[in-house]
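Shown next: coords00.cif, containing mmCIF, C-alpha atoms.
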```cif
data_structure
#
loop_
_atom_site.label_atom_id
_atom_site.label_comp_id
_atom_site.auth_asym_id
_atom_site.auth_seq_id
_atom_site.Cartn_x
_atom_site.Cartn_y
_atom_site.Cartn_z
CA MET X 17 -33.24 11.66 -61.96
CA ARG X 18 -34.78 8.28 -61.20
CA ASP X 19 -32.62 5.23 -60.43
CA PRO X 20 -33.04 3.04 -63.55
CA ASN X 21 -33.78 -0.01 -61.38
CA SER X 22 -36.32 1.58 -59.07
CA LEU X 23 -39.87 2.85 -59.19
CA PRO X 24 -41.65 5.30 -56.89
CA ASN X 25 -43.40 3.29 -54.15
CA ASP X 26 -46.88 4.45 -55.12
CA TYR X 27 -46.31 3.64 -58.77
CA GLU X 28 -44.97 0.20 -57.84
CA GLU X 29 -47.99 -0.49 -55.61
CA GLN X 30 -50.28 0.49 -58.47
CA ILE X 31 -48.60 -2.11 -60.66
CA HIS X 32 -49.17 -4.72 -57.94
CA ALA X 33 -52.82 -3.63 -57.70
CA ALA X 34 -53.14 -3.90 -61.49
CA VAL X 35 -51.85 -7.48 -61.40
CA ASP X 36 -54.38 -8.20 -58.64
CA GLY X 37 -57.23 -6.66 -60.65
CA GLU X 38 -57.65 -4.00 -57.98
CA VAL X 39 -57.49 -0.84 -60.15
CA GLN X 40 -60.39 1.00 -61.75
CA PRO X 41 -60.74 0.51 -65.54
CA GLU X 42 -59.85 4.16 -66.25
CA ASP X 43 -56.72 3.92 -64.07
CA TRP X 44 -55.77 0.69 -65.79
CA GLU X 45 -55.80 2.36 -69.22
CA ARG X 46 -53.41 5.05 -67.98
CA LEU X 47 -51.22 2.53 -66.16
CA LYS X 48 -51.08 0.23 -69.17
CA GLY X 49 -49.63 3.04 -71.27
CA GLN X 50 -47.01 3.77 -68.62
CA ILE X 51 -46.04 0.11 -68.27
CA GLU X 52 -45.67 -0.31 -72.00
CA SER X 53 -43.30 2.62 -72.24
CA ASP X 54 -41.21 1.83 -69.13
CA PRO X 55 -38.99 -1.30 -69.24
CA VAL X 56 -38.53 -1.37 -65.43
CA ALA X 57 -42.28 -1.24 -64.86
CA GLN X 58 -42.85 -3.75 -67.65
CA ARG X 59 -40.38 -6.19 -66.12
CA LEU X 60 -42.01 -5.81 -62.69
CA TYR X 61 -45.46 -6.34 -64.16
CA PHE X 62 -44.58 -9.59 -65.93
CA ASP X 63 -42.61 -10.89 -62.93
CA LEU X 64 -45.63 -10.25 -60.73
CA VAL X 65 -47.99 -11.97 -63.13
CA ALA X 66 -45.73 -15.04 -63.10
CA LEU X 67 -45.34 -14.96 -59.32
CA LYS X 68 -49.05 -14.56 -58.71
CA GLU X 69 -49.88 -17.40 -61.04
CA ALA X 70 -47.37 -19.70 -59.35
CA THR X 71 -48.60 -18.73 -55.87
CA ARG X 72 -52.22 -19.23 -56.85
CA LYS X 73 -51.37 -22.78 -57.83
CA SER X 74 -49.82 -23.47 -54.40
CA LYS X 75 -51.02 -26.84 -53.38
CA THR X 76 -53.22 -27.72 -50.46
CA LEU X 77 -51.02 -28.75 -47.55
CA HIS X 78 -51.34 -32.15 -45.84
CA PRO X 79 -54.61 -33.17 -47.54
CA GLU X 80 -54.36 -36.62 -45.95
CA LYS X 81 -54.97 -35.09 -42.51
CA HIS X 82 -57.95 -32.89 -43.33
CA GLU X 83 -60.62 -35.41 -42.47
CA ALA X 84 -59.12 -36.27 -39.08
CA VAL X 85 -58.50 -32.62 -38.14
CA LEU X 86 -62.04 -31.60 -39.10
CA ALA X 87 -63.46 -34.56 -37.16
CA ALA X 88 -61.43 -33.55 -34.09
CA CYS X 89 -62.73 -29.99 -34.37
CA MET X 90 -66.33 -31.17 -34.61
CA ASP X 91 -65.85 -33.48 -31.61
CA ARG X 92 -64.56 -30.54 -29.61
CA ILE X 93 -67.55 -28.43 -30.64
CA ALA X 94 -69.92 -31.23 -29.55
CA GLU X 95 -68.09 -31.49 -26.23
CA ILE X 96 -68.37 -27.74 -25.63
CA GLU X 97 -72.09 -27.96 -26.31
CA ARG X 98 -72.43 -30.75 -23.74
CA VAL X 99 -70.60 -28.64 -21.14
CA GLU X 100 -72.76 -25.63 -21.95
CA LYS X 101 -75.83 -27.78 -21.41
CA THR X 102 -74.50 -28.88 -18.00
CA ASP X 103 -73.70 -25.25 -17.25
CA ALA X 104 -77.23 -24.21 -18.06
CA LEU X 105 -78.51 -26.93 -15.77
CA ILE X 106 -76.27 -25.71 -12.97
CA GLY X 107 -77.51 -22.18 -13.59
CA ARG X 108 -81.11 -23.30 -13.25
CA MET X 109 -80.29 -25.25 -10.11
CA ARG X 110 -78.58 -22.29 -8.51
CA TYR X 111 -81.81 -20.67 -7.30
CA ALA X 112 -82.98 -23.91 -5.74
CA LEU X 113 -79.59 -24.42 -4.15
CA THR X 114 -79.55 -20.89 -2.75
CA ALA X 115 -82.91 -21.47 -1.09
CA ALA X 116 -81.74 -24.80 0.31
CA VAL X 117 -78.54 -23.24 1.61
CA ALA X 118 -80.51 -20.41 3.24
CA CYS X 119 -82.60 -23.00 5.11
CA LEU X 120 -79.42 -24.81 6.08
CA LEU X 121 -77.92 -21.56 7.35
CA VAL X 122 -80.89 -21.01 9.60
CA ALA X 123 -80.64 -24.59 10.82
CA VAL X 124 -76.90 -24.34 11.47
CA GLY X 125 -77.41 -20.98 13.17
CA TYR X 126 -79.99 -22.52 15.41
CA TYR X 127 -77.72 -25.49 16.09
CA ASN X 128 -74.79 -23.26 17.00
CA TRP X 129 -76.99 -21.17 19.20
CA SER X 130 -78.28 -24.24 21.00
CA HIS X 131 -74.85 -25.95 21.19
CA PRO X 132 -72.55 -23.05 22.14
CA ASN X 133 -69.55 -25.36 22.91
CA GLN X 134 -69.38 -26.69 19.39
CA SER X 135 -70.02 -23.47 17.54
CA ALA X 136 -66.34 -22.62 17.36
CA GLN X 137 -65.66 -25.81 15.45
CA ASN X 138 -68.22 -25.29 12.76
CA SER X 139 -67.47 -22.16 10.93
CA MET X 140 -70.28 -20.95 8.65
CA LEU X 141 -67.86 -20.12 5.91
CA PRO X 142 -68.47 -23.07 3.61
CA LEU X 143 -72.18 -22.44 3.62
CA ARG X 144 -71.70 -18.74 3.11
CA ALA X 145 -69.27 -19.52 0.35
CA ALA X 146 -71.90 -21.64 -1.36
CA ALA X 147 -74.61 -19.07 -0.89
CA THR X 148 -72.75 -15.95 -1.84
CA GLY X 149 -73.47 -14.51 -5.26
CA ALA X 150 -70.29 -15.00 -7.18
CA VAL X 151 -68.87 -13.37 -10.27
CA GLU X 152 -68.64 -15.87 -13.08
CA ALA X 153 -65.16 -15.97 -14.50
CA ARG X 154 -64.66 -16.07 -18.27
CA SER X 155 -62.28 -18.98 -18.18
CA VAL X 156 -61.49 -21.75 -15.79
CA ASN X 157 -58.16 -20.29 -14.83
CA THR X 158 -59.60 -16.84 -14.24
CA ALA X 159 -60.70 -17.64 -10.69
CA VAL X 160 -57.22 -18.76 -9.79
CA GLU X 161 -55.69 -15.77 -11.57
CA TRP X 162 -58.16 -13.41 -9.93
CA LEU X 163 -57.37 -14.75 -6.50
CA SER X 164 -53.67 -14.52 -7.26
CA ARG X 165 -54.11 -10.88 -8.26
CA THR X 166 -56.31 -10.07 -5.28
CA LEU X 167 -53.88 -11.58 -2.83
CA GLY X 168 -50.79 -10.55 -4.73
CA LEU X 169 -49.53 -14.11 -4.44
CA ASN X 170 -49.23 -17.13 -6.67
CA VAL X 171 -52.26 -19.33 -5.97
CA GLN X 172 -52.03 -22.76 -7.57
CA PRO X 173 -54.85 -24.47 -9.52
CA PRO X 174 -56.45 -27.61 -8.02
CA PRO X 175 -54.02 -30.46 -7.44
CA ALA X 176 -56.69 -32.91 -8.56
CA LYS X 177 -56.36 -35.87 -10.92
CA PRO X 178 -56.95 -35.22 -14.60
CA ILE X 179 -60.29 -37.04 -14.57
CA LEU X 180 -61.70 -33.93 -12.88
CA ARG X 181 -62.41 -31.43 -15.61
CA PRO X 182 -63.18 -27.81 -14.64
CA ILE X 183 -66.41 -26.65 -16.27
CA ARG X 184 -67.05 -23.38 -14.44
CA ALA X 185 -64.96 -20.91 -12.50
CA GLU X 186 -66.28 -18.32 -10.10
CA VAL X 187 -64.85 -15.75 -7.75
CA ALA X 188 -66.56 -14.36 -4.68
CA ARG X 189 -65.73 -11.77 -2.06
CA LEU X 190 -66.97 -12.42 1.44
CA PRO X 191 -66.68 -9.75 4.12
CA ASP X 192 -63.70 -11.47 5.73
CA CYS X 193 -62.14 -13.47 2.93
CA ASN X 194 -61.82 -13.94 -0.82
CA LEU X 195 -62.85 -17.15 -2.51
CA GLY X 196 -62.02 -18.78 -5.81
CA ARG X 197 -64.42 -21.56 -6.73
CA LEU X 198 -64.17 -24.16 -9.48
CA ILE X 199 -66.94 -26.57 -10.42
CA LEU X 200 -65.35 -29.84 -11.54
CA LEU X 201 -66.91 -32.71 -13.45
CA ASP X 202 -65.57 -36.27 -13.40
CA THR X 203 -65.92 -38.85 -16.13
CA ASP X 204 -69.04 -40.33 -14.48
CA GLY X 205 -70.79 -36.97 -14.56
CA SER X 206 -70.45 -36.30 -10.80
CA LEU X 207 -69.91 -32.69 -9.78
CA TYR X 208 -67.34 -31.48 -7.27
CA THR X 209 -66.59 -28.04 -5.91
CA TYR X 210 -63.03 -26.87 -5.34
CA VAL X 211 -62.60 -23.80 -3.15
CA ILE X 212 -59.47 -21.69 -2.57
CA SER X 213 -59.41 -19.05 0.16
CA ASP X 214 -56.98 -16.81 1.94
CA ARG X 215 -58.72 -17.45 5.30
CA PRO X 216 -59.48 -20.70 7.18
CA LEU X 217 -62.39 -22.33 5.44
CA PHE X 218 -64.05 -24.76 7.70
CA GLN X 219 -62.89 -24.74 11.29
CA GLU X 220 -61.62 -22.11 13.62
CA GLY X 221 -58.14 -22.61 14.95
CA GLU X 222 -56.64 -24.36 11.92
CA THR X 223 -52.92 -24.33 12.43
CA VAL X 224 -50.93 -22.61 9.73
CA GLY X 225 -48.43 -25.07 8.31
CA ASP X 226 -50.50 -28.07 9.35
CA ASN X 227 -51.09 -29.60 5.92
CA ARG X 228 -52.99 -32.72 7.02
CA LEU X 229 -56.15 -33.51 5.12
CA ARG X 230 -59.29 -33.16 7.19
CA CYS X 231 -62.88 -33.83 6.40
CA ILE X 232 -66.24 -32.58 7.59
CA ARG X 233 -69.70 -33.62 6.57
CA GLN X 234 -72.56 -31.24 5.89
CA GLY X 235 -75.79 -32.92 4.91
CA ASN X 236 -74.94 -35.39 2.18
CA LEU X 237 -71.83 -33.44 1.26
CA ASN X 238 -68.33 -34.41 2.38
CA ILE X 239 -65.74 -31.66 2.32
CA LEU X 240 -62.05 -32.42 2.34
CA TYR X 241 -59.96 -29.45 3.36
CA TRP X 242 -56.36 -28.62 3.94
CA THR X 243 -53.89 -25.77 4.02
CA ASP X 244 -50.42 -25.35 2.57
CA GLY X 245 -49.55 -22.74 5.17
CA ARG X 246 -50.51 -19.81 2.98
CA PHE X 247 -53.89 -20.69 1.52
CA TYR X 248 -56.79 -22.86 2.46
CA TYR X 249 -58.31 -25.38 0.07
CA GLY X 250 -61.47 -27.48 0.04
CA LEU X 251 -62.84 -30.20 -2.23
CA ALA X 252 -66.52 -31.05 -1.76
CA GLY X 253 -68.58 -33.80 -3.30
CA GLN X 254 -71.47 -36.13 -2.64
CA CYS X 255 -69.22 -39.13 -2.10
CA ASP X 256 -67.22 -40.90 0.60
CA PRO X 257 -64.26 -39.03 2.08
CA GLU X 258 -61.95 -41.80 0.78
CA VAL X 259 -63.00 -40.97 -2.78
CA LEU X 260 -62.18 -37.31 -2.21
CA VAL X 261 -58.79 -38.22 -0.74
CA GLU X 262 -58.10 -40.36 -3.78
CA LEU X 263 -59.01 -37.52 -6.10
CA VAL X 264 -56.56 -35.10 -4.50
CA GLU X 265 -53.05 -35.91 -5.55
CA MET J 14 -83.40 -28.90 -28.48
CA LEU J 15 -80.87 -31.72 -28.73
CA PHE J 16 -81.88 -32.45 -32.34
CA LYS J 17 -81.79 -28.77 -33.17
CA ARG J 18 -78.20 -28.58 -31.98
CA ARG J 19 -77.23 -31.70 -33.88
CA ASP J 20 -78.84 -30.29 -37.04
CA LYS J 21 -76.90 -27.07 -36.62
CA ARG J 22 -73.66 -28.99 -36.14
CA GLU J 23 -74.28 -31.12 -39.19
CA GLU J 24 -75.15 -28.10 -41.33
CA PHE J 25 -72.01 -26.34 -40.10
CA GLU J 26 -69.80 -29.36 -40.78
CA ARG J 27 -71.21 -29.81 -44.28
CA ALA J 28 -70.53 -26.18 -45.14
CA VAL J 29 -67.05 -26.11 -43.60
CA LYS J 30 -65.98 -29.35 -45.27
CA GLU J 31 -65.99 -27.67 -48.67
CA VAL J 32 -63.57 -24.92 -47.69
CA PHE J 33 -61.61 -26.88 -45.10
CA PRO J 34 -58.55 -27.51 -47.33
CA ALA J 35 -58.09 -23.75 -47.67
CA ILE J 36 -58.65 -23.19 -43.95
CA TYR J 37 -56.23 -25.83 -42.74
CA SER J 38 -53.59 -25.00 -45.36
CA THR J 39 -53.75 -21.34 -44.31
CA ALA J 40 -53.36 -22.34 -40.66
CA LEU J 41 -50.28 -24.35 -41.61
CA ARG J 42 -48.87 -21.45 -43.61
CA PHE J 43 -49.53 -19.03 -40.73
CA THR J 44 -48.13 -21.13 -37.91
CA ARG J 45 -45.61 -23.31 -39.80
CA GLN J 46 -46.21 -26.06 -37.20
CA GLU J 47 -48.75 -28.86 -37.55
CA GLU J 48 -49.77 -28.91 -33.91
CA ASP J 49 -50.21 -25.13 -33.79
CA ALA J 50 -52.12 -25.25 -37.06
CA GLN J 51 -54.53 -27.83 -35.64
CA ASP J 52 -55.04 -25.67 -32.54
CA LEU J 53 -55.60 -22.57 -34.63
CA THR J 54 -58.06 -24.40 -36.90
CA GLN J 55 -59.95 -25.75 -33.92
CA GLU J 56 -60.20 -22.36 -32.23
CA THR J 57 -61.32 -20.80 -35.50
CA LEU J 58 -64.06 -23.36 -36.08
CA ILE J 59 -65.30 -23.12 -32.49
CA LYS J 60 -65.60 -19.34 -32.82
CA ALA J 61 -67.24 -19.69 -36.22
CA TYR J 62 -69.72 -22.23 -34.90
CA GLN J 63 -70.63 -19.96 -32.00
CA ALA J 64 -71.23 -17.12 -34.47
CA TRP J 65 -72.83 -19.34 -37.14
CA ASP J 66 -76.26 -17.76 -36.71
CA ARG J 67 -74.75 -14.38 -37.56
CA PHE J 68 -72.96 -15.51 -40.74
CA ASP J 69 -74.52 -13.73 -43.74
CA GLY J 70 -74.10 -16.78 -46.00
CA ARG J 71 -72.09 -14.95 -48.67
CA ASN J 72 -68.43 -16.02 -48.62
CA LEU J 73 -67.73 -18.72 -46.06
CA LYS J 74 -64.04 -19.05 -46.90
CA ALA J 75 -63.39 -15.31 -46.48
CA TRP J 76 -65.41 -15.28 -43.25
CA LEU J 77 -63.52 -18.23 -41.76
CA LEU J 78 -60.16 -16.84 -42.89
CA ARG J 79 -61.03 -13.52 -41.23
CA ILE J 80 -61.79 -15.29 -37.95
CA MET J 81 -58.61 -17.35 -38.29
CA THR J 82 -56.43 -14.32 -39.02
CA ASN J 83 -57.85 -12.42 -36.04
CA THR J 84 -57.29 -15.41 -33.82
CA TYR J 85 -53.74 -15.83 -35.10
CA ILE J 86 -52.89 -12.15 -34.61
CA ASN J 87 -54.21 -12.28 -31.04
CA ARG J 88 -52.12 -15.38 -30.37
CA VAL J 89 -48.99 -13.72 -31.69
CA ARG J 90 -49.74 -10.67 -29.55
CA LYS J 91 -50.19 -12.80 -26.47
CA GLN J 92 -46.99 -14.71 -27.12
CA LYS J 93 -45.08 -11.48 -27.52
CA ARG J 94 -46.79 -10.07 -24.39
CA GLY J 95 -48.51 -6.89 -25.36
CA PRO J 96 -49.56 -5.14 -28.53
CA GLU J 97 -46.49 -2.91 -28.55
CA SER J 98 -44.16 -5.63 -29.73
CA VAL J 99 -46.45 -7.36 -32.21
CA SER J 100 -44.62 -8.45 -35.32
CA LEU J 101 -47.66 -7.86 -37.52
CA GLU J 102 -46.59 -4.29 -38.03
CA ASP J 103 -45.23 -2.57 -41.04
CA SER J 104 -41.51 -2.40 -41.38
CA VAL J 105 -39.91 0.48 -43.16
CA GLU J 106 -37.73 -1.59 -45.43
CA ALA J 107 -37.67 -0.40 -48.99
CA THR J 108 -38.40 -2.89 -51.73
CA ASN J 109 -35.70 -3.85 -54.16
CA LEU J 110 -36.65 -4.31 -57.75
CA PRO J 111 -34.82 -7.07 -59.59
CA SER J 112 -31.94 -5.90 -61.66
CA GLN J 113 -32.68 -5.86 -65.36
CA GLU J 114 -29.85 -8.38 -65.81
CA ALA J 115 -31.62 -11.03 -63.71
CA PRO J 116 -33.66 -13.50 -65.74
CA PRO J 117 -37.44 -13.02 -65.77
CA LEU J 118 -39.14 -14.62 -62.78
CA GLU J 119 -41.24 -16.77 -65.08
CA GLN J 120 -38.09 -18.60 -66.22
CA ILE J 121 -36.99 -19.18 -62.63
CA LEU J 122 -40.42 -20.38 -61.55
CA GLU J 123 -40.53 -22.85 -64.41
CA ARG J 124 -37.37 -24.48 -63.11
CA VAL J 125 -37.68 -24.39 -59.32
CA VAL J 126 -38.89 -27.54 -57.62
CA ASP J 127 -42.34 -27.67 -56.08
CA ASN J 128 -41.45 -26.94 -52.47
CA SER J 129 -39.16 -23.99 -52.98
CA LEU J 130 -41.96 -21.48 -53.55
CA GLU J 131 -43.80 -22.84 -50.49
CA GLU J 132 -40.61 -22.60 -48.43
CA ALA J 133 -40.02 -19.06 -49.67
CA ILE J 134 -43.57 -18.07 -48.64
CA GLN J 135 -43.15 -19.68 -45.24
CA SER J 136 -39.87 -17.87 -44.63
CA LEU J 137 -41.50 -14.44 -44.98
CA PRO J 138 -42.11 -12.35 -41.83
CA ASP J 139 -45.63 -12.77 -40.38
CA GLU J 140 -47.22 -9.61 -41.74
CA TYR J 141 -46.11 -10.17 -45.34
CA ARG J 142 -46.77 -13.90 -45.24
CA ALA J 143 -50.32 -13.34 -44.01
CA ALA J 144 -51.07 -10.79 -46.74
CA ILE J 145 -49.63 -12.99 -49.50
CA VAL J 146 -51.34 -16.15 -48.30
CA LEU J 147 -54.72 -14.46 -48.04
CA SER J 148 -54.46 -12.52 -51.29
CA ASP J 149 -52.39 -14.67 -53.64
CA VAL J 150 -52.93 -18.21 -52.38
CA GLU J 151 -56.54 -17.93 -51.22
CA GLY J 152 -57.64 -15.24 -53.68
CA LEU J 153 -59.19 -12.80 -51.22
CA SER J 154 -59.76 -9.24 -52.42
CA TYR J 155 -57.80 -6.32 -50.91
CA ARG J 156 -60.90 -5.35 -48.92
CA GLU J 157 -61.28 -8.87 -47.53
CA VAL J 158 -57.57 -9.08 -46.67
CA ALA J 159 -57.77 -5.68 -44.97
CA ASP J 160 -60.79 -6.81 -42.93
CA ALA J 161 -59.04 -10.02 -41.95
CA LEU J 162 -55.82 -8.29 -40.91
CA GLY J 163 -57.63 -5.34 -39.33
CA VAL J 164 -55.60 -2.81 -41.35
CA PRO J 165 -56.47 -0.24 -44.05
CA VAL J 166 -56.46 -1.30 -47.70
CA GLY J 167 -53.40 0.92 -48.30
CA THR J 168 -51.45 -1.15 -45.78
CA VAL J 169 -52.45 -4.33 -47.58
CA ARG J 170 -51.13 -2.85 -50.85
CA SER J 171 -47.78 -1.97 -49.34
CA ARG J 172 -47.46 -5.30 -47.50
CA LEU J 173 -48.15 -7.18 -50.71
CA ALA J 174 -45.60 -5.10 -52.61
CA ARG J 175 -42.92 -5.63 -49.97
CA GLY J 176 -43.79 -9.26 -49.42
CA ARG J 177 -43.64 -10.08 -53.11
CA ALA J 178 -40.34 -8.23 -53.46
CA MET J 179 -38.91 -10.42 -50.68
CA LEU J 180 -40.37 -13.49 -52.31
CA ARG J 181 -38.76 -12.62 -55.65
CA GLU J 182 -35.41 -12.08 -53.95
CA LYS J 183 -35.64 -15.42 -52.18
CA LEU J 184 -36.50 -17.21 -55.41
CA LEU J 185 -33.63 -15.49 -57.19
CA ASP J 186 -31.23 -16.51 -54.40
CA TYR J 187 -32.55 -20.06 -54.65
CA ALA J 188 -32.02 -20.04 -58.42
CA LYS J 189 -28.44 -18.79 -57.98
CA GLU J 190 -27.68 -21.37 -55.30
CA HIS J 191 -28.96 -24.20 -57.48
CA GLY J 192 -27.30 -22.99 -60.65
CA ILE J 193 -30.60 -22.23 -62.33
CA VAL J 194 -29.33 -18.77 -63.30
#
```
Representation of the structure as structure tokens:
Amino acid sequence: MRDPNSLPNDYEEQIHAAVDGEVQPEDWERLKGQIESDPVAQRLYFDLVALKEATRKSKTLHPEKHEAVLAACMDRIAEIERVEKTDALIGRMRYALTAAVACLLVAVGYYNWSHPNQSAQNSMLPLRAAATGAVEARSVNTAVEWLSRTLGLNVQPPPAKPILRPIRAEVARLPDCNLGRLILLDTDGSLYTYVISDRPLFQEGETVGDNRLRCIRQGNLNILYWTDGRFYYGLAGQCDPEVLVELVE
Amino acid sequence: MLFKRRDKREEFERAVKEVFPAIYSTALRFTRQEEDAQDLTQETLIKAYQAWDRFDGRNLKAWLLRIMTNTYINRVRKQKRGPESVSLEDSVEATNLPSQEAPPLEQILERVVDNSLEEAIQSLPDEYRAAIVLSDVEGLSYREVADALGVPVGTVRSRLARGRAMLREKLLDYAKEHGIV
């Protein structure tokens, strides 16, 4: 025998569906007859009608903030579009850059060959890092996460000032090291490259634990580099070394 | 190209403006925090804008609410680290019908103050709150709610039944506490 205060689940759900106008007309006719003859079902039906009506009238929350929130959303969308445009530009420039880097590689190779005493001080890694086809990461943090996973260690994101905004993240595997690469944009629209590696980046014989900032120049590019004893970092930009030093906290 | 983008943005903003109260109110009801609601709204609109060319033009509010619900579910999953422990799952609690001695809900609803129904909705567990907000507050059909939540229509029916039962109980408790019944 049925508990006088309960209904079978399916029957109860049908009553809810009836209140929501989600039953077929022929089912509604049958259900209506049942509801009329069953006080428990009838009570549920009328309670649900009242509840639904009250819920439907629920007011809009915080209407005074709608305009500002929508405006903030649209600003963000516009900003994303600007970054995408810059991204597309970088993508188009990549081929030209690759060709330029290839020429530079030949030139540096020739220089090292003709100046054997200095070759040990000028590792080719930064150039190879720039030239290597990289895998584009889906988010800015992915390069750092990827490198962390690859090395099984906790690699930190760039310790740069907030004016540098990451707009692209890439990861690359070189034969003798793994690289995470972030393209950063400052408020003036200047681009910087931040590189993280598990091997010395720029000069042979870097001493592990020696965390002094050093700088080398390649063409019109200055590259600041340092190590924290576990990883090797570089920040490159077409600006004076002092500017780079200032950017790194 | 630049003008084309601006036109698209303006068209999008014009269309969204009309349904924005529903979108932002739903975000507030989902997250219960203003800051989180603003984040959720922003993420929803960014996704919608990126997919704007694929929108079929039929029911913008339902489309945006579907994107928002998906986004919210994914956020909850991430916060709880892994789909196994997601709260947007069905519980096995049975619903309790009101005793026949309790006054009809209509009488209680006539006498409760404005915020108590809103508070009762916001105190529901995620899965029931989402179903009730989408169906009862925003007027989506079962099919649209099911699409938004990524569950079968049958699950929507049972979530609504359980959610409303909880809501009725909360309102009845409120009425008892405040001497309404």
*Compute the chain J side of the contact with chain X at 8 Å, counting only C-alpha atoms, and hand it back as an MDAnalysis selection string.*
chainID J and resid 22 26 30 33:35 37:38 41 51 54:55 58:59 62 109:113 117:119 122 130:131 149:152 154:155 170:171 173:174 177 181
Using all atoms of segment 25-34 of chain J that appear in the file, construct an axis-aligned enclosing box with 8 Å of padding on every side and provide its centre coordinates and edge lengths in Å, rounded to one decimal, as AutoDock Vina command-line options.
```
--center_x -65.3 --center_y -27.4 --center_z -44.4 --size_x 29.5 --size_y 20.9 --size_z 24.6
```
*asked:* What's the separation between atom CA of Ile106 of chain X and atom CA of Gly205 of chain X, in Å to one decimal place?
replied: 12.6 Å
*Tell me, in Å to one decimal, how far atom CA of Glu95 of chain X is from atom CA of Arg71 of chain J.*
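Value for the atom CA of Glu95 of chain X-atom CA of Arg71 of chain J distance: 28.2 Å.
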*By how many Å are atom CA of Leu260 of chain X and atom CA of Arg197 of chain X apart?*
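About the pair atom CA of Leu260 of chain X and atom CA of Arg197 of chain X: they are 16.5 Å apart.
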_Counting only C-alpha atoms, I want the residues whose atoms come within 12 Å of (-66.6, -7.8, -48.0) in the file frame, returned as a ChimeraX atom specification._
/J:69-76,79,153-161
*Residue IDs satisfying the PyMOL selection byres ((chain X and resi 195) around 6), as a list in words*: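 So the PyMOL selection byres ((chain X and resi 195) around 6), applied here, picks out Val187, Ala188, Asn194, Gly196, Ile212 and Ser213 of chain X.
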